[in-house]
Amino acid sequence: MVDITHKTTTLRTAVAQAIVKVGSAETIKAVLDNTVPKGNVLEVSRTAGLFAVKNTSSVIPDCHPIPIEYTGIEFECLENAIKIEVTVKTIYKTGVEVEAMHGASIVALTMYDMLKPIDTNVEISTVKLIHKKGGKSDHKIKDSQSLKIAVIVCSDSVSSGKKEDKSGKVISEKLEKLGLSVSDYLVVSDDIQVIQANVQQLCDVKTNLIILTGGTGLSSKDITPEAITPFIERRILGVEEAIRSYGQQRTPFAMLSRSVVGFKDETLLMALPGSANGAAESIDAVFPAILHLFQLLNGFDHGK
């Protein structure tokens, strides 16, 4: 199965549709009057659909077992067809569109099985996804590609050439996958004045986002939070909590990180861990949703 351990848990919703066509209006009447020999078509097929949704991972190889927290199955009886709509919701790391489509398919197949003794022209038509919501696709922010972004690697060993930078490269790669580009990439020593000088220069040229990686631990050389905290006018504790919470689910050492996030004027500063894994997980934890902050700066509420 596809690895979804890097994904964040969000509310996921999917709506799928299937249509069962019949040979005559008499078949629809039999369904509504509950005179079909095999039983109540709507209720039996609804029950089959509920089972199908919950057991999708048992029959579709690449589907993950997930907690199904709501399934709604609605019918619309037309003159020569029955329209089926299945809504599925979960709060999890992956979507439920396959579960909704599987449910709609099984509802339709159950109807076919129950109606075929009285109608030889029954057919299943148009199984499709109508709507899905949840996950990163809901957080694409308009004009985010125009943001000016800088990455600063804070490390004595990297700046001296003793080690190769990994965390800064990981951050840049992840941002590029989100359609963002890094315009400035710097490597500096673990020195408060050096870090502050570089941050100030980037702020002076109206850089929208400055991501610093390294120096957020608890050793004597870890001074990145101390360097940028004096700049921050509006600290965003919720983002910091999200980063640590996401990391804590993957390693107990995440609680030792001192990630700091906040605004200096209209520049967002983010101090992230220096390990490649810690940096990658921090980006996964809050992007692309954090880009919504730049919409708020412009007085536009993306949620409305």
# chains A, B, ... in the order shown; residues from 1 in each chain; ligands from 1
>>> residues_around(residues="Cys63 of chain A", least_positions_apart="6", cutoff="9 Å", atoms="only C-alpha atoms", output="ChimeraX atom specification")
/A:1-2,56-57,98-99
>>> residues_around(residues="segment 152-164 of chain A", least_positions_apart="5", cutoff="9 Å", atoms="only C-alpha atoms", output="PyMOL selection string")
chain A and resi 184-191+195+198-199+210-215+221+224+274
>>> closest_atom_pairs(of="segment 107-202 of chain A", to="segment 19-30 of chain A", cutoff="8 Å", atoms="only C-alpha atoms", output="JSON lines")
{"residue": "A:Ala108", "atom": "CA", "partner": "A:Val20", "partner_atom": "CA", "distance": 6.1}
{"residue": "A:Met111", "atom": "CA", "partner": "A:Val20", "partner_atom": "CA", "distance": 7.6}
{"residue": "A:Tyr112", "atom": "CA", "partner": "A:Val20", "partner_atom": "CA", "distance": 7.4}
{"residue": "A:Leu115", "atom": "CA", "partner": "A:Thr27", "partner_atom": "CA", "distance": 7.7}
{"residue": "A:Ile118", "atom": "CA", "partner": "A:Thr27", "partner_atom": "CA", "distance": 7.4}
{"residue": "A:Asp119", "atom": "CA", "partner": "A:Gly23", "partner_atom": "CA", "distance": 6.3}
{"residue": "A:Thr120", "atom": "CA", "partner": "A:Gly23", "partner_atom": "CA", "distance": 7.3}
{"residue": "A:Asn121", "atom": "CA", "partner": "A:Gly23", "partner_atom": "CA", "distance": 4.8}
{"residue": "A:Val122", "atom": "CA", "partner": "A:Val22", "partner_atom": "CA", "distance": 4.4}
{"residue": "A:Glu123", "atom": "CA", "partner": "A:Lys21", "partner_atom": "CA", "distance": 5.3}
{"residue": "A:Ile124", "atom": "CA", "partner": "A:Val20", "partner_atom": "CA", "distance": 4.6}
{"residue": "A:Ser125", "atom": "CA", "partner": "A:Ile19", "partner_atom": "CA", "distance": 5.0}
{"residue": "A:Thr126", "atom": "CA", "partner": "A:Ile19", "partner_atom": "CA", "distance": 5.8}
{"residue": "A:Val127", "atom": "CA", "partner": "A:Ile19", "partner_atom": "CA", "distance": 6.8}
>>> write_last_selection(atoms="C-alpha atoms", output="PDB file, in the first residue's frame")
ATOM      1  CA  ALA A 108     -26.516  -0.966  -7.368  1.00  0.00           C
ATOM      2  CA  MET A 111     -30.628  -3.858  -6.612  1.00  0.00           C
ATOM      3  CA  TYR A 112     -29.776  -5.623  -9.857  1.00  0.00           C
ATOM      4  CA  LEU A 115     -34.864  -6.900  -9.566  1.00  0.00           C
ATOM      5  CA  ILE A 118     -39.085  -9.281 -12.476  1.00  0.00           C
ATOM      6  CA  ASP A 119     -37.233  -7.196 -15.070  1.00  0.00           C
ATOM      7  CA  THR A 120     -34.783  -8.595 -17.627  1.00  0.00           C
ATOM      8  CA  ASN A 121     -33.737  -5.121 -18.751  1.00  0.00           C
ATOM      9  CA  VAL A 122     -32.172  -3.952 -15.492  1.00  0.00           C
ATOM     10  CA  GLU A 123     -28.683  -2.490 -15.896  1.00  0.00           C
ATOM     11  CA  ILE A 124     -26.152  -0.636 -13.765  1.00  0.00           C
ATOM     12  CA  SER A 125     -25.038   2.700 -15.150  1.00  0.00           C
ATOM     13  CA  THR A 126     -22.787   5.639 -14.256  1.00  0.00           C
ATOM     14  CA  VAL A 127     -20.893   4.769 -11.101  1.00  0.00           C
TER      15      VAL A 127
END
>>> select_by_dssp(residues="segment 125-262 of chain A", states="helix (DSSP H, G or I)", output="ChimeraX atom specification")
/A:136-139,144-146,156-159,167-177,192-204,224-231,237-248,252-256
>>> closest_residue(among="A:Val182, A:Leu269, A:Ile82, A:Ile91", to="Lys133 of chain A", atoms="only C-alpha atoms")
A:Ile91
>>> residues_around(residues="Gln196 of chain A", least_positions_apart="6", cutoff="9 Å", atoms="only C-alpha atoms", output="list in words")
Ala227, Ile228 and Phe231 of chain A
>>> residues_around(residues="Asn208 of chain A", least_positions_apart="3", cutoff="12 Å", atoms="only C-alpha atoms", output="MDAnalysis selection string")
chainID A and resid 144:151 180:184 199 202:205 211 262:270 291 293:295 297
>>> residues_around(residues="Ile171 of chain A", least_positions_apart="3", cutoff="10 Å", atoms="only C-alpha atoms", output="PyMOL selection string")
chain A and resi 151+166-168+174-176+182+211-213+272+276+279-284
>>> closest_residue(among="A:Thr90, A:Lys54, A:Ile68, A:Met114", to="Val31 of chain A", atoms="only C-alpha atoms")
A:Met114
>>> atom_distance(atom1="atom CA of Arg234 of chain A", atom2="atom CA of Leu209 of chain A")
14.2 Å
>>> closest_residue(among="A:Val261, A:Pro288, A:Pro117, A:Lys132", to="Val36 of chain A", atoms="only C-alpha atoms")
A:Pro117
>>> residues_around(residues="Val286 of chain A", least_positions_apart="3", cutoff="8 Å", atoms="only C-alpha atoms", output="PyMOL selection string")
chain A and resi 239+242-243+282-283+289-290
>>> write_last_selection(atoms="N, CA, C and O atoms", output="compact mmCIF listing (two decimals), in the first residue's frame")
# COMPACT_ATOMS: atom_id res chain seq x y z
N VAL A 239 0.69 26.96 15.31
CA VAL A 239 1.54 26.31 14.31
C VAL A 239 2.67 25.54 15.01
O VAL A 239 2.99 24.41 14.63
N ALA A 242 1.22 22.39 16.36
CA ALA A 242 0.93 21.42 15.30
C ALA A 242 2.20 20.69 14.87
O ALA A 242 2.19 19.48 14.65
N ILE A 243 3.31 21.43 14.77
CA ILE A 243 4.58 20.82 14.38
C ILE A 243 5.02 19.79 15.42
O ILE A 243 5.41 18.67 15.09
N SER A 282 8.15 18.54 9.84
CA SER A 282 7.61 19.86 10.17
C SER A 282 6.90 20.48 8.98
O SER A 282 5.83 21.10 9.11
N ILE A 283 7.48 20.33 7.79
CA ILE A 283 6.83 20.83 6.57
C ILE A 283 5.53 20.06 6.32
O ILE A 283 4.49 20.67 6.02
N ALA A 289 -1.44 24.22 4.37
CA ALA A 289 -2.45 25.01 5.09
C ALA A 289 -1.90 26.32 5.63
O ALA A 289 -2.60 27.33 5.67
N ILE A 290 -0.62 26.32 6.02
CA ILE A 290 -0.04 27.53 6.61
C ILE A 290 -0.01 28.69 5.61
O ILE A 290 0.03 29.86 6.00
